[in-house]
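**Student:** Sending over a structure as structure tokens; questions will come in a sec.
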Amino acid sequence: MATRPPLVVVGSVSADIYVEVERLPSSGETIAASSGQTLAGGRGANQAACAARLSYPTYFCGQVGPDANAILVKDALASAGVRLDHVKSVEAPTGHAVVMLQPGGKKSVINVGGANVAWPMSENSVCRLTGNIEQLIKRAGGVLLQREIPDAVNLEAANIAKSANVPVIMDAGGADSPIPKELLKCITVLSFNETELGRLTAMSTNSLGEVLLAATKVQEMGVKEVLVEMGKNGSVLVRDKEPPIYQPATLAPVVVDTRGASETFTAAYAVALIELQPPAEALRFAAASASFCVRNEGAMPSMPERSSVLQLLKEYPVVEKYSIPNEEDCCVLKYRRGEGAETERITAPIDVSTREVNTFEEQVSGIQGTRKVMEKLKIGIVGFGNFGQFLAERFCRHGHRVVAFSRSDYNDVAHRMGVSFHRDANGFCDEHPDVVMLCTSILSTESVLRSLPLERLKCDTLFVDVLSVKEFAKQLLLRILPPQVDVLCTHPMFGPKSGRTSWAGLPFVYEKVRIGEGASMDRCTRFLDIFASEGCKMVEMPCKDHDVHAAGSQFITHTVSRILGKLNLETTPMDTRGYETLLKLAENGDADSFDLYYGLFVYNPNAVEELQRLERAFECLKEQLFGQLHQTVGERASLTAKRIPVTH
Ligand code: NAP
């Protein structure tokens with residue numbers, strides 16, 4: 001494949017320190033935070049991470065200081081796949097922010113620009129980017145800018161891009177000062193929310209009509225295209241001499257955390273634009289990407305991979321027409337452009353969507369997002385094998401703290417994931433997780449559970465199992481665990497292979513076996529929300545029913561793929577689609593341990609019957625084949641007998 005011209009993001013990067021406090025300290029006072037964590041952020045860095053996650057080659061050009069925060073932010077960008085060749089270390093602290101999260105969703109932020117605002121300038125405040133960055137921009141597919149670094153840097157980058165006919169996409173967020181006129185003239189697409197648009201144009205943006213009018217004012221300032229996100233009211237792209245394009249918001253099943261959603265929207269649009277997707281498709285892509293971002297915690301950790309976005313787009317039918325929902329709003333635009341001087345100015349109500357989604361405004365104000373941020377769980381995983389690690393990785397991405405316990409040594413892999421690992425059950429229980437998740441093999445679960453010093457745990461811990469057989473697990477937990485402990489039996493019907501990229505649409509079966517009221521129920525809901533927010537199909541079902549269905553589906557699938565595995569099937573020069581399916585199924589047989597399969601057989605009382613049904617089906621087919629063969633042979637024999645004269 002030909003090398004794609006990269007996306008170059010010039011902008012800010014920051015280490016954001018999130019602390020949860022009951023209230024803000026008063027002057028001279030020191031208070032304790034209930035939790036704290038430092039995450040990589042900054043508008044520029046977030047957008048670069050998003051584009052790289054969407055599998056577009058992306059360079060980030062920014063500045064950091066000679067400190068530990070620089071390592072943290074660079075690691076986060078590198079792990080998203082961003083190229084960091086042009087990140088410069090300067091004599092200023094890496095940009096950072098202290099975000100104080102208070103009850104009720106209030107958020108107070110102190111921002112330290114540091115290296116982000118310490119770009120070298122000449123005396124007359126002109127910035128010259130290095131020759132390397134200049135060359136990079138000239139061969140780029142697009143340049144993405146925001147407003148958390150000096151305007152002079154943005155102006156220099158935009159001028160270089162313009163001189164090389166490289167499109168410049170700019171996110172108007174990050175500063176509320178006016179955007180310099182010279183900069184506006186270099187911008188291909190300027191992206192806003194309604195508030196930012198209102199501020200720049202000094203116009204009201206309370207209705208779609210007003211948004212369109214304000215957008216045309218921005219075009220008069222020299223910007224070619226104006227992109228406006230309006231939260232649950234969708235988004236609109238206003239283009240020169242073309243009808244505006246409207247895109248409804250893409251529904252997010254649950255909003256966990258809103259950080260990074262607007263950056264995701266703009267970055268995804270930029271990627272689609274560079275890939276030359278039609279503008280309507282680009283908007284759709286951006287809306288779907290942003291919807292994904294709000295389902296998980298954190299900004300960078302929740303930015304979606306391309307495969308997840310494409311999967312989501314498949315589930316969302318293309319809207320019938322990419323047009324403004326209200327004809328009158330088009331008239332407003334024509335009027336503004338002088339195409340219909342008689343048309344009156346109309347201010348349509350902005351609520352053009354009837355779908356129940358959370359607005360970007362809510363997201364930005366962080367009311368819901370912050371509430372969830374304050375409700376992180378400490379999840380203890382018992383059995384850190386194949387499946388335990390698979391779940392742990394996703395829990396970490398959601399920002400939950402994970403501790404693990406296993407008989408084998410998984411220190412290295414746990415360390416890489418940021419999981420605290422124990423081979424000693426006492427040490428594990430002394431961590432006092434809110435939730436203990438049993439991810440051991442079906443066969444070993446009883447002995448492992450009995451070996452745990454339960455008295456060292458918090459007395460109201462929530463126990464969750466993921467065993468692929470459910471009634472056995474339910475009875476086991478009820479028998480062994482003390483009555484004050486909550487019990488949730490679950491079966492995520494997917495594994496590291498089928499759920500590698502996305503869990504969207506995959507079934508998650510569960511029974512709330514014994515869950516207390518109030519805080520207990522709330523904790524259980526928060527735990528289930530992890531799977532719901534990933535888009536899993538949540539199926540609440542009694543354990544007994546699960547086993548009946550699982551024997552007829554899962555056990556049969558495992559059995560057939562293991563039978564096929566034993567046939568040692570190989571590809572041929574003339575494989576059919578059907579045969580390819582068989583080859584894949586045969587491969588899957590080895591993906592899970594034999595212990596797992598044996599557990600399905602021994603501990604699901606319906607499995608034996610399914611095995612017998614399979615045998616009977618095979619016998620029945622053989623009887624049918626040989627029966628017909630005998631009949632044909634018999635008929636032929638009697639025909640031949642009739643033709644041959646009998647001689648005595
Ligand atoms: P597994 O072979 O069923 O279980 C491996 C885990 O069990 C490892 O953590 C292993 O610990 C532990 N284990 C095995 N024997 C043990 C013993 N005698 N003492 C202590 N620990 C022992 O493979 P898995 O795929 O990871 O599955 C784990 C659980 O998840 C199973 O209950 C399975 O039914 C369920 N599940 C799996 C999938 C899937 O796709 N794989 C999907 C849904 C549910 P060490 O690694 O430390 O040896």
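Chain labels A, B, ... are given in the sequence in which chains occur in the structure tokens; within each chain residues are numbered consecutively from 1, and ligands are likewise numbered from 1 in the order shown.
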List as a list in words the protein and nucleic acid residues near range 68-78 of chain A, meaning an atom at most 7 Å away when only C-alpha atoms are counted, but skip any in the same chain fewer than 5 places from it.
**Tutor:** Ser14, Ala15, Ala40, Ala49, Arg83 and Thr94 of chain A
**Student:** Please produce, as CSV, a per-residue contact table for chain A versus ligand 1 (criterion: any atom at most 7 Å away, only C-alpha atoms and all ligand atoms considered), showing the nearest atom pair and its distance in Å to one decimal, sorted by chain then residue number.
**Tutor:**
residue,atom,partner,partner_atom_place_in_ligand_line,distance
A:Gly383,CA,ligand 1,9 (O),3.3
A:Phe384,CA,ligand 1,9 (O),4.3
A:Gly385,CA,ligand 1,9 (O),3.5
A:Asn386,CA,ligand 1,26 (O),3.8
A:Phe387,CA,ligand 1,26 (O),3.9
A:Gly388,CA,ligand 1,26 (O),5.9
A:Ser406,CA,ligand 1,47 (O),4.1
A:Arg407,CA,ligand 1,47 (O),3.9
A:Ser408,CA,ligand 1,47 (O),3.7
A:Asp409,CA,ligand 1,47 (O),6.8
A:Cys439,CA,ligand 1,29 (C),4.4
A:Thr440,CA,ligand 1,7 (O),3.5
A:Ser441,CA,ligand 1,3 (O),3.4
A:Ile442,CA,ligand 1,32 (O),4.4
A:Leu443,CA,ligand 1,15 (N),6.9
A:Ser444,CA,ligand 1,17 (C),4.8
A:Val448,CA,ligand 1,20 (C),5.7
A:Val466,CA,ligand 1,44 (C),5.1
A:Leu467,CA,ligand 1,32 (O),3.7
A:Ser468,CA,ligand 1,34 (O),3.8
A:Val469,CA,ligand 1,34 (O),6.7
A:His491,CA,ligand 1,44 (C),5.7
A:Pro492,CA,ligand 1,43 (C),5.0
A:Met493,CA,ligand 1,43 (C),5.5
A:Phe494,CA,ligand 1,42 (C),5.1
A:Gly495,CA,ligand 1,40 (O),3.2
A:Pro496,CA,ligand 1,40 (O),6.0
A:Asp592,CA,ligand 1,41 (N),5.5
A:Ser593,CA,ligand 1,2 (O),4.7
A:Phe594,CA,ligand 1,2 (O),6.9
A:Asp595,CA,ligand 1,2 (O),5.0
A:Leu596,CA,ligand 1,3 (O),4.1
**Student:** For range 247-284 of chain A versus range 208-231 of chain A, which residues have an atom no more than 12 Å away, and what is each residue's nearest atom pair and distance in Å rounded to one decimal, using only C-alpha atoms, chain-then-number order, as JSON lines?
**Tutor:**
{"residue": "A:Gln247", "atom": "CA", "partner": "A:Glu229", "partner_atom": "CA", "distance": 9.4}
{"residue": "A:Pro248", "atom": "CA", "partner": "A:Gly231", "partner_atom": "CA", "distance": 9.2}
{"residue": "A:Ala249", "atom": "CA", "partner": "A:Gly231", "partner_atom": "CA", "distance": 6.8}
{"residue": "A:Thr250", "atom": "CA", "partner": "A:Gly231", "partner_atom": "CA", "distance": 9.6}
{"residue": "A:Leu251", "atom": "CA", "partner": "A:Gly231", "partner_atom": "CA", "distance": 10.5}
{"residue": "A:Ala252", "atom": "CA", "partner": "A:Gly231", "partner_atom": "CA", "distance": 11.5}
{"residue": "A:Thr258", "atom": "CA", "partner": "A:Gly231", "partner_atom": "CA", "distance": 11.4}
{"residue": "A:Ala261", "atom": "CA", "partner": "A:Gly231", "partner_atom": "CA", "distance": 10.2}
{"residue": "A:Ser262", "atom": "CA", "partner": "A:Glu229", "partner_atom": "CA", "distance": 8.1}
{"residue": "A:Glu263", "atom": "CA", "partner": "A:Glu229", "partner_atom": "CA", "distance": 11.0}
{"residue": "A:Thr264", "atom": "CA", "partner": "A:Glu229", "partner_atom": "CA", "distance": 11.5}
{"residue": "A:Phe265", "atom": "CA", "partner": "A:Glu229", "partner_atom": "CA", "distance": 8.3}
{"residue": "A:Thr266", "atom": "CA", "partner": "A:Leu227", "partner_atom": "CA", "distance": 8.7}
{"residue": "A:Tyr269", "atom": "CA", "partner": "A:Leu227", "partner_atom": "CA", "distance": 9.4}
{"residue": "A:Ala270", "atom": "CA", "partner": "A:Leu227", "partner_atom": "CA", "distance": 10.9}
{"residue": "A:Leu273", "atom": "CA", "partner": "A:Glu225", "partner_atom": "CA", "distance": 11.8}
{"residue": "A:Pro279", "atom": "CA", "partner": "A:Glu225", "partner_atom": "CA", "distance": 10.6}
{"residue": "A:Ala280", "atom": "CA", "partner": "A:Leu227", "partner_atom": "CA", "distance": 11.6}
{"residue": "A:Ala282", "atom": "CA", "partner": "A:Leu227", "partner_atom": "CA", "distance": 11.2}
{"residue": "A:Leu283", "atom": "CA", "partner": "A:Leu227", "partner_atom": "CA", "distance": 9.1}
{"residue": "A:Arg284", "atom": "CA", "partner": "A:Glu229", "partner_atom": "CA", "distance": 11.9}
**Student:** Using CA of Gly516 in chain A and CA of Leu454 in chain A as the two end points, give the distance in Å to one decimal.
**Tutor:** 18.6 Å
**Student:** Mind checking which residues fall within 10 Å of range 614-621 of chain A, counting only C-alpha atoms, ignoring those fewer than 4 positions away in the same chain, and posting them as a list of chain:residue names?
**Tutor:**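 With the cut-off at 10 Å, the set is A:Ile556, A:Thr559, A:Val560, A:Val608, A:Glu609, A:Glu610, A:Leu625, A:Phe626, A:Gly627.
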**Student:** With only C-alpha atoms counted and 9 Å as the cut-off, give the residues of range 192-311 of chain A in contact with range 530-553 of chain A, each with its shortest interatomic distance in Å and the pair that gives it, as a Markdown table.
**Tutor:**
| residue | atom | partner | partner_atom | distance |
| --- | --- | --- | --- | --- |
| A:Ala252 | CA | A:Ser533 | CA | 8.2 |
| A:Pro253 | CA | A:Ser533 | CA | 6.5 |
| A:Val254 | CA | A:Ser533 | CA | 5.6 |
| A:Val255 | CA | A:Ser533 | CA | 7.5 |
| A:Val256 | CA | A:Ser533 | CA | 7.3 |
| A:Phe292 | CA | A:Glu534 | CA | 8.6 |
| A:Val294 | CA | A:Ser533 | CA | 8.8 |
| A:Arg295 | CA | A:Ser533 | CA | 5.1 |
| A:Asn296 | CA | A:Ser533 | CA | 6.8 |
**Student:** Measuring atom to atom with only C-alpha atoms, identify which of A:Leu276, A:Pro301, A:Lys584, A:Ser79 is nearest to Arg416 in chain A.
**Tutor:**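 Result for the nearest residue to Arg416 in chain A: A:Ser79.
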**Student:** So which bits of range 453-640 of chain A end up alpha helix (DSSP H) when you DSSP the backbone, as a compact mmCIF listing (two decimals) with C-alpha atoms, in the first residue's frame?
**Tutor:**
# COMPACT_ATOMS: atom_id res chain seq x y z
CA LYS A 470 -23.48 -21.07 35.81
CA GLU A 471 -25.66 -23.18 38.09
CA PHE A 472 -22.57 -24.94 39.45
CA ALA A 473 -20.89 -21.57 40.10
CA LYS A 474 -24.00 -20.15 41.76
CA GLN A 475 -24.42 -23.07 44.17
CA LEU A 476 -20.68 -23.08 44.93
CA LEU A 477 -20.60 -19.37 45.81
CA LEU A 478 -23.76 -19.58 47.91
CA ARG A 479 -22.33 -22.58 49.78
CA ILE A 480 -18.87 -21.18 50.51
CA ALA A 519 -24.76 1.05 48.03
CA SER A 520 -24.51 -2.68 47.23
CA MET A 521 -26.90 -2.39 44.31
CA ASP A 522 -25.15 0.77 43.17
CA ARG A 523 -21.76 -0.99 43.15
CA CYS A 524 -23.23 -3.93 41.24
CA THR A 525 -24.72 -1.54 38.66
CA ARG A 526 -21.39 0.24 38.28
CA PHE A 527 -19.69 -3.06 37.68
CA LEU A 528 -22.26 -4.12 35.06
CA ASP A 529 -21.96 -0.66 33.49
CA ILE A 530 -18.41 -1.51 32.41
CA PHE A 531 -19.79 -4.14 30.06
CA ALA A 532 -22.86 -2.15 29.09
CA SER A 533 -20.70 0.85 28.19
CA CYS A 543 -28.17 -19.52 35.85
CA LYS A 544 -30.21 -22.68 35.15
CA ASP A 545 -31.58 -21.27 31.88
CA HIS A 546 -28.09 -20.17 30.89
CA ASP A 547 -26.84 -23.75 31.18
CA VAL A 548 -29.64 -25.13 29.01
CA HIS A 549 -28.92 -22.60 26.25
CA ALA A 550 -25.14 -22.88 26.62
CA ILE A 556 -21.83 -27.98 20.69
CA THR A 557 -19.56 -25.32 19.10
CA HIS A 558 -16.60 -26.36 21.25
CA THR A 559 -17.24 -30.04 20.52
CA VAL A 560 -17.55 -29.65 16.76
CA SER A 561 -14.45 -27.47 16.55
CA ARG A 562 -12.48 -30.03 18.57
CA ILE A 563 -13.70 -32.87 16.31
CA LEU A 564 -12.63 -30.84 13.28
CA GLY A 565 -9.29 -30.18 14.99
CA LYS A 566 -8.72 -33.90 15.29
CA ARG A 577 -16.26 -20.68 1.52
CA GLY A 578 -17.88 -23.47 3.52
CA TYR A 579 -14.57 -25.28 3.87
CA GLU A 580 -12.83 -22.08 4.94
CA THR A 581 -15.44 -21.74 7.70
CA LEU A 582 -14.63 -25.26 8.85
CA LEU A 583 -10.91 -24.49 8.89
CA LYS A 584 -11.55 -21.47 11.09
CA LEU A 585 -13.73 -23.48 13.42
CA ALA A 586 -11.03 -26.16 13.65
CA GLU A 587 -8.49 -23.47 14.59
CA ASN A 588 -10.79 -22.14 17.35
CA PHE A 594 -8.91 -28.32 27.52
CA ASP A 595 -9.71 -27.63 31.19
CA LEU A 596 -12.32 -25.13 30.06
CA TYR A 597 -13.91 -27.61 27.66
CA TYR A 598 -13.78 -30.41 30.23
CA GLY A 599 -15.38 -28.07 32.76
CA LEU A 600 -18.24 -27.39 30.34
CA PHE A 601 -18.72 -31.14 30.01
CA VAL A 602 -18.53 -32.10 33.68
CA TYR A 603 -20.28 -29.14 35.29
CA ALA A 607 -23.77 -31.33 28.22
CA VAL A 608 -23.99 -35.14 28.25
CA GLU A 609 -27.39 -35.01 26.62
CA GLU A 610 -26.05 -32.68 23.91
CA LEU A 611 -23.16 -35.07 23.28
CA GLN A 612 -25.64 -37.92 22.90
CA ARG A 613 -27.76 -35.83 20.53
CA LEU A 614 -24.66 -35.17 18.46
CA GLU A 615 -23.86 -38.88 18.35
CA ARG A 616 -27.43 -39.75 17.41
CA ALA A 617 -27.39 -37.13 14.65
CA PHE A 618 -24.18 -38.62 13.24
CA GLU A 619 -25.58 -42.16 13.45
CA CYS A 620 -28.80 -41.04 11.84
CA LEU A 621 -26.91 -39.47 8.95
CA LYS A 622 -24.84 -42.61 8.47
CA GLU A 623 -27.99 -44.75 8.51
CA GLN A 624 -29.53 -42.50 5.88
CA LEU A 625 -26.45 -42.76 3.64
CA PHE A 626 -25.91 -46.48 4.01
CA GLY A 627 -29.65 -47.15 3.85
CA GLN A 628 -29.88 -45.46 0.47
CA LEU A 629 -26.70 -47.17 -0.69
CA HIS A 630 -28.06 -50.60 0.26
CA GLN A 631 -31.30 -49.84 -1.49
CA THR A 632 -29.49 -48.75 -4.71
CA VAL A 633 -27.19 -51.76 -4.64
CA GLY A 634 -30.17 -54.02 -4.00
CA GLU A 635 -32.13 -52.55 -6.93
CA ARG A 636 -29.14 -52.84 -9.27
CA ALA A 637 -28.57 -56.43 -8.20
CA SER A 638 -32.19 -57.37 -8.87
CA LEU A 639 -32.06 -55.65 -12.31
CA THR A 640 -28.89 -57.52 -13.24
**Student:** When you draw a straight line from CA of Leu377 in chain A to CA of Val402 in chain A, how long is it in Å?
**Tutor:**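 Between these atoms lies a distance of 8.4 Å.
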**Student:** Show me, as a list in words, the residues that have an atom within 10 Å of Tyr18 in chain A when counting only C-alpha atoms, minus same-chain residues fewer than 6 positions from it.
**Tutor:**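 Those residues are Ala33, Ser35, Gly36, Gln37, Thr38, Leu39, Ala97, Val98, Val99, Met100, Leu101, Lys107, Val109 and Val373 of chain A.
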**Student:** What does the distance between CA of Gln554 in chain A and CA of Arg514 in chain A come to in Å, to one decimal place?
**Tutor:**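 Calculated distance between CA of Gln554 in chain A and CA of Arg514 in chain A is 26.1 Å.
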**Student:** As a PyMOL selection string, list the residues of range 174-339 of chain A assigned to strand (DSSP E or B) by DSSP on the backbone atoms of this structure.
**Tutor:** chain A and resi 189-193+207+225-229+235-239+245-247
**Student:** Pick out the closest residue to Lys376 in chain A from this set: A:Pro483, A:Lys162, A:Gly298, A:Val309. Count only C-alpha atoms.
**Tutor:** A:Gly298
